[in-house]
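This is model.cif (mmCIF, C-alpha atoms).
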```
data_entry
#
loop_
_atom_site.label_atom_id
_atom_site.label_comp_id
_atom_site.auth_asym_id
_atom_site.auth_seq_id
_atom_site.Cartn_x
_atom_site.Cartn_y
_atom_site.Cartn_z
CA MET A 1 48.01 80.62 -11.47
CA LYS A 2 49.99 77.44 -10.66
CA THR A 3 49.39 74.30 -12.65
CA PRO A 4 47.90 71.64 -10.34
CA LYS A 5 50.13 68.63 -9.73
CA ASN A 6 49.18 65.40 -11.40
CA PRO A 7 48.35 63.03 -8.51
CA LYS A 8 49.19 60.04 -10.71
CA LYS A 9 52.65 61.27 -11.57
CA LYS A 10 55.30 59.71 -9.34
CA PRO A 11 58.12 61.96 -8.10
CA LEU A 12 61.54 61.32 -9.55
CA LEU A 13 64.05 59.73 -7.21
CA ASN A 14 67.26 61.55 -6.53
CA GLN A 15 70.35 59.85 -7.90
CA GLU A 16 71.67 58.65 -4.56
CA LEU A 17 68.41 56.91 -3.66
CA ALA A 18 68.11 55.44 -7.15
CA VAL A 19 71.59 53.95 -6.87
CA SER A 20 70.76 52.52 -3.43
CA LEU A 21 67.59 50.89 -4.75
CA GLU A 22 69.50 49.41 -7.67
CA ARG A 23 72.06 47.91 -5.30
CA MET A 24 69.30 46.51 -3.08
CA TYR A 25 67.70 44.90 -6.12
CA ASP A 26 71.04 43.39 -7.14
CA ASP A 27 71.63 42.05 -3.62
CA PHE A 28 68.24 40.36 -3.61
CA TYR A 29 67.73 39.28 -7.20
CA GLU A 30 71.20 37.92 -8.00
CA THR A 31 71.20 35.82 -4.83
CA ALA A 32 67.69 34.51 -5.48
CA VAL A 33 68.56 33.50 -9.05
CA ARG A 34 71.80 31.77 -8.15
CA PHE A 35 70.27 29.96 -5.19
CA GLU A 36 67.58 28.65 -7.50
CA GLU A 37 70.07 27.68 -10.20
CA GLN A 38 72.27 25.88 -7.66
CA GLU A 39 69.25 24.23 -6.00
CA ILE A 40 69.86 25.61 -2.52
CA TYR A 41 66.95 24.65 -0.30
CA ASN A 42 68.47 24.11 3.15
CA THR A 43 71.51 25.65 4.83
CA ILE A 44 73.43 25.21 8.07
CA VAL A 45 74.80 28.62 9.01
CA PHE A 46 77.98 29.23 10.99
CA PHE A 47 78.79 32.55 12.68
CA GLY A 48 81.95 33.52 14.55
CA SER A 49 84.90 35.86 14.83
CA ALA A 50 87.00 36.84 11.84
CA GLN A 51 89.92 37.28 14.25
CA ILE A 52 90.25 33.64 15.33
CA CYS A 53 92.98 31.79 13.43
CA SER A 54 94.14 28.20 13.16
CA TRP A 55 96.40 26.57 15.75
CA GLU A 56 99.28 26.60 13.26
CA ASP A 57 98.94 30.35 12.61
CA ALA A 58 98.56 31.03 16.34
CA GLN A 59 101.72 29.04 17.06
CA LYS A 60 103.57 31.07 14.46
CA LYS A 61 102.48 34.32 16.11
CA MET A 62 103.54 33.01 19.50
CA ARG A 63 107.01 32.10 18.20
CA GLU A 64 107.40 35.59 16.75
CA VAL A 65 106.60 37.15 20.12
CA GLU A 66 108.92 34.74 21.94
CA LEU A 67 111.70 35.73 19.55
CA ILE A 68 111.16 39.39 20.45
CA PHE A 69 111.44 38.45 24.13
CA ASP A 70 114.62 36.46 23.54
CA GLU A 71 116.27 39.35 21.73
CA SER A 72 115.26 41.95 24.29
CA LYS A 73 117.23 42.51 27.47
CA ARG A 74 114.52 44.61 29.03
CA ARG A 75 110.81 43.75 28.92
CA THR A 76 108.48 46.59 28.02
CA GLN A 77 104.75 46.93 28.65
CA LYS A 78 104.15 46.66 24.92
CA GLN A 79 106.03 43.36 24.81
CA TRP A 80 103.99 41.95 27.67
CA SER A 81 100.81 43.06 25.88
CA LEU A 82 101.99 41.27 22.72
CA LEU A 83 102.63 38.11 24.74
CA ASP A 84 99.19 38.31 26.32
CA LEU A 85 97.59 38.78 22.90
CA ALA A 86 99.55 35.86 21.43
CA SER A 87 98.55 33.64 24.36
CA ASN A 88 94.87 34.48 23.93
CA THR A 89 95.14 33.95 20.17
CA LEU A 90 96.61 30.50 20.78
CA TYR A 91 93.87 29.67 23.29
CA MET A 92 91.06 30.79 20.95
CA SER A 93 92.52 28.89 17.98
CA ARG A 94 90.82 25.74 19.24
CA TYR A 95 87.55 27.21 17.99
CA PHE A 96 88.92 27.51 14.45
CA ASP A 97 89.83 23.83 14.46
CA ALA A 98 86.47 22.90 16.01
CA ALA A 99 84.53 24.89 13.40
CA GLU A 100 86.46 23.19 10.61
CA GLU A 101 85.85 19.73 12.07
CA LEU A 102 82.16 20.33 12.79
CA SER A 103 81.57 21.73 9.31
CA MET A 104 83.30 18.73 7.76
CA LYS A 105 81.22 16.28 9.81
CA LEU A 106 77.94 17.99 8.96
CA ALA A 107 78.81 18.25 5.26
CA THR A 108 79.85 14.58 5.14
CA TRP A 109 76.59 13.57 6.83
CA SER A 110 74.54 15.73 4.47
CA LYS A 111 76.36 14.35 1.42
CA LYS A 112 74.56 11.04 1.74
CA PHE A 113 71.27 12.69 0.76
CA LYS A 114 71.21 12.51 -3.02
CA ASN A 115 67.99 14.52 -3.23
CA LYS A 116 68.97 18.20 -3.31
CA ARG A 117 65.85 19.08 -1.34
CA LYS A 118 67.28 17.11 1.59
CA GLU A 119 70.84 18.41 1.30
CA PHE A 120 72.08 20.83 3.95
CA VAL A 121 74.61 23.24 2.46
CA ILE A 122 77.18 24.79 4.78
CA CYS A 123 77.02 28.61 4.83
CA SER A 124 79.27 31.30 6.33
CA GLY A 125 79.88 35.03 6.12
CA GLY A 126 82.62 34.36 3.60
CA GLY A 127 85.46 36.08 5.45
CA PRO A 128 88.50 34.85 7.40
CA GLY A 129 88.60 33.29 10.87
CA ILE A 130 85.69 31.05 11.84
CA MET A 131 84.14 31.74 8.43
CA GLU A 132 87.18 30.38 6.63
CA ALA A 133 87.25 27.34 8.92
CA THR A 134 83.59 26.71 8.11
CA ASN A 135 84.06 26.73 4.34
CA LYS A 136 87.29 24.77 4.63
CA GLY A 137 85.55 21.97 6.50
CA ALA A 138 82.95 21.59 3.76
CA TYR A 139 85.70 21.76 1.13
CA LEU A 140 87.66 18.97 2.81
CA ALA A 141 84.48 16.88 2.87
CA GLY A 142 84.19 17.32 -0.90
CA CYS A 143 81.04 19.39 -0.56
CA ARG A 144 79.98 22.78 -1.80
CA SER A 145 79.54 25.72 0.58
CA ILE A 146 78.19 29.26 0.55
CA GLY A 147 79.97 32.52 1.41
CA LEU A 148 77.87 35.66 1.94
CA THR A 149 80.48 38.42 1.99
CA ILE A 150 79.86 42.14 2.32
CA ASP A 151 81.64 45.39 1.47
CA ILE A 152 83.14 46.63 4.74
CA PRO A 153 86.41 48.47 5.40
CA GLU A 154 87.76 45.85 7.83
CA GLU A 155 87.89 42.08 8.29
CA GLN A 156 87.94 41.28 4.59
CA GLY A 157 90.48 38.52 4.09
CA ARG A 158 91.27 35.44 2.13
CA ASN A 159 88.84 32.57 2.03
CA TYR A 160 89.61 30.27 -0.85
CA TYR A 161 87.27 27.47 0.22
CA ILE A 162 83.94 28.89 -0.90
CA THR A 163 82.32 27.26 -3.93
CA PRO A 164 82.81 29.89 -6.68
CA GLU A 165 79.19 29.72 -7.86
CA LEU A 166 78.04 30.29 -4.28
CA LYS A 167 80.17 33.29 -3.37
CA PHE A 168 78.16 36.50 -3.01
CA ASN A 169 79.15 40.06 -2.20
CA PHE A 170 76.47 42.24 -0.60
CA SER A 171 76.17 45.98 -0.29
CA TYR A 172 73.57 45.94 2.52
CA PHE A 173 73.58 44.10 5.83
CA PHE A 174 69.80 43.66 6.00
CA LEU A 175 69.68 41.79 2.69
CA ARG A 176 72.67 39.70 3.64
CA LYS A 177 70.85 38.76 6.84
CA PHE A 178 67.74 37.91 4.86
CA TRP A 179 69.68 35.34 2.83
CA PHE A 180 71.44 33.99 5.92
CA PHE A 181 68.09 33.03 7.40
CA GLN A 182 65.90 32.40 4.35
CA HIS A 183 67.00 28.76 4.01
CA ALA A 184 68.60 28.26 7.43
CA ARG A 185 67.65 25.01 9.12
CA ALA A 186 70.27 25.23 11.89
CA VAL A 187 72.67 27.87 13.21
CA ILE A 188 75.99 27.44 15.03
CA ILE A 189 77.39 30.44 16.89
CA PHE A 190 81.10 30.29 17.66
CA PRO A 191 82.84 32.90 19.84
CA GLY A 192 82.80 36.26 18.13
CA GLY A 193 82.50 40.00 18.49
CA MET A 194 79.98 42.68 17.58
CA GLY A 195 78.89 41.14 14.28
CA THR A 196 78.44 37.69 15.80
CA LEU A 197 76.44 39.09 18.71
CA ASP A 198 74.27 41.07 16.31
CA GLU A 199 73.48 37.96 14.27
CA PHE A 200 72.86 35.84 17.37
CA PHE A 201 70.38 38.26 18.96
CA GLU A 202 68.70 38.77 15.58
CA ILE A 203 68.08 35.01 15.43
CA LEU A 204 66.68 34.88 18.95
CA THR A 205 64.43 37.88 18.28
CA MET A 206 63.05 36.37 15.07
CA MET A 207 62.47 33.03 16.77
CA LYS A 208 60.67 34.71 19.67
CA THR A 209 58.46 36.70 17.29
CA ARG A 210 57.79 33.65 15.08
CA LYS A 211 59.40 35.24 12.02
CA ILE A 212 61.48 32.10 11.62
CA ASN A 213 61.02 28.57 12.90
CA LEU A 214 60.81 28.70 16.70
CA ASN A 215 62.22 25.18 16.94
CA MET A 216 65.23 25.71 14.69
CA PRO A 217 68.29 24.26 16.44
CA VAL A 218 70.75 26.93 17.57
CA VAL A 219 74.10 25.94 19.08
CA LEU A 220 76.29 28.23 21.16
CA PHE A 221 79.72 26.64 20.84
CA GLY A 222 82.08 27.26 23.75
CA SER A 223 80.07 27.63 26.94
CA ASP A 224 82.98 29.08 28.91
CA TYR A 225 83.13 32.01 26.48
CA TRP A 226 79.40 32.59 26.09
CA LYS A 227 78.50 32.27 29.77
CA GLU A 228 81.24 34.73 30.62
CA ILE A 229 80.14 37.49 28.25
CA ILE A 230 76.34 37.04 28.33
CA HIS A 231 74.56 36.31 31.61
CA PHE A 232 71.25 34.97 30.32
CA GLU A 233 70.31 33.58 33.74
CA LEU A 234 70.73 37.05 35.23
CA MET A 235 68.51 38.52 32.51
CA ALA A 236 65.86 35.92 33.35
CA HIS A 237 66.27 36.70 37.06
CA PHE A 238 65.53 40.37 36.40
CA ASN A 239 62.62 39.37 34.16
CA THR A 240 64.03 41.07 31.04
CA ILE A 241 63.72 37.73 29.26
CA ASP A 242 61.51 34.75 29.95
CA GLN A 243 62.99 31.72 31.68
CA ARG A 244 61.81 29.67 28.71
CA ASP A 245 64.03 31.73 26.39
CA LEU A 246 66.99 29.79 27.76
CA ASN A 247 65.66 26.81 25.81
CA LEU A 248 66.05 28.61 22.48
CA PHE A 249 69.69 27.54 22.23
CA HIS A 250 71.96 24.67 23.19
CA TYR A 251 75.45 24.99 24.66
CA ALA A 252 78.10 22.68 23.21
CA ASP A 253 81.77 22.31 24.09
CA THR A 254 82.76 19.46 21.81
CA VAL A 255 82.33 18.78 18.13
CA ASP A 256 80.71 15.42 18.87
CA ASP A 257 78.11 16.99 21.17
CA ALA A 258 77.24 19.73 18.65
CA PHE A 259 77.07 17.28 15.76
CA SER A 260 74.89 14.80 17.65
CA PHE A 261 72.48 17.53 18.77
CA LEU A 262 72.17 19.06 15.28
CA LYS A 263 71.89 15.73 13.47
CA ASP A 264 69.13 14.49 15.78
CA ARG A 265 67.14 17.73 15.58
CA LEU A 266 67.46 18.06 11.80
CA GLU A 267 66.43 14.48 11.20
CA VAL A 268 63.33 14.88 13.37
CA GLN A 269 62.26 18.33 12.13
CA PHE A 270 63.05 18.20 8.43
CA LEU A 271 64.12 14.87 7.00
CA LYS A 272 61.24 12.79 8.31
CA LYS A 273 58.77 15.25 6.79
CA LYS A 274 60.11 14.85 3.24
#
```

Structure rendered as structure tokens:
Amino acid sequence: MKTPKNPKKKPLLNQELAVSLERMYDDFYETAVRFEEQEIYNTIVFFGSAQICSWEDAQKKMREVELIFDESKRRTQKQWSLLDLASNTLYMSRYFDAAEELSMKLATWSKKFKNKRKEFVICSGGGPGIMEATNKGAYLAGCRSIGLTIDIPEEQGRNYYITPELKFNFSYFFLRKFWFFQHARAVIIFPGGMGTLDEFFEILTMMKTRKINLNMPVVLFGSDYWKEIIHFELMAHFNTIDQRDLNLFHYADTVDDAFSFLKDRLEVQFLKKK
């Protein structure tokens, strides 16, 4: 006769699941503790491609390709592809410089609020590209900034501008996203790839479902890029999104426009309440 199972006895977790749960706990708890210790109450989050570099770096890559052309008597398809890539890299570098400038302006503006509960701390994904530009802008403004990095096989690069006490390394995307949005008061989306699109649509979905503030200002920086790759008007035409969803975000093509929009919205929604 079999011994009946004790209904109150919990089954043991296998080792793999136990390790996963421990990592999840670390992702959540360590971030919560350090945010509290550093008095992080409000963040302005930047998203964008890790592939976009500064104008200086893009110019250097272009000169390298031009040197290959100068030394070659016969142009190959590969060389033309390299030239095309270098040209696009140079064109997209303007977004690196814009992210750095916008971050610096927002950090400088936020610095005037001595009360930590009114401070808006700049936050990025902690990697290279637009993320590096974001942290660099805050650094140049003499302000602290957050970097929420993650263990992935690609796109991990240097970013020396994150405040050391505010640099985190996550094991799980869903917990990283939680901390991106937990204290977010505004979001700026620069041109980017799969990760940027994922984060952007996550924001829109959470706003639509009232999981985060429906009126949180969201800026899509670079309308020529965004309108080319995502046809929101066409989606509204086919009734897959509501026409009103187009009001969930604001297109901006200049740093001054983005800064003015964000500053006005943040002052109305958050600062006048405190």

The PyMOL selection byres ((chain A and resi 198-201) around 10) resolved against shown file, as a VMD selection string:
chain A and resid 47 to 48 177 180 187 to 190 192 to 197 202 to 207 218 220

Distance CA of Thr149 in chain A-CA of Arg23 in chain A, one decimal place?
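CA of Arg23 in chain A lies 14.6 Å from CA of Thr149 in chain A.
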
Can you work out the spacing between CA of Arg158 in chain A and CA of Cys53 in chain A in Å, to one decimal?
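Calculated distance between CA of Arg158 in chain A and CA of Cys53 in chain A is 12.0 Å.
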
As an exercise, work out the distance from CA of Lys60 in chain A to CA of Gly222 in chain A in Å and give it to one decimal place.
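These atoms are spaced 23.7 Å apart.
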
Who sits within 6 Å of Thr134 in chain A, all atoms listed in the file, same chain under 3 positions skipped, as a PyMOL selection string
chain A and resi 99-100+103+131+137

Where does the PyMOL selection byres ((chain A and resi 57) around 12) land in this file, that is, which residues does it pick, as a list of chain:residue names?
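For this structure, the PyMOL selection byres ((chain A and resi 57) around 12) resolves to A:Gln51, A:Ile52, A:Cys53, A:Ser54, A:Trp55, A:Glu56, A:Ala58, A:Gln59, A:Lys60, A:Lys61, A:Met62, A:Arg63, A:Glu64, A:Ala86, A:Thr89, A:Leu90, A:Tyr91, A:Met92, A:Ser93, A:Arg94, A:Phe96, A:Asp97, A:Gly129.
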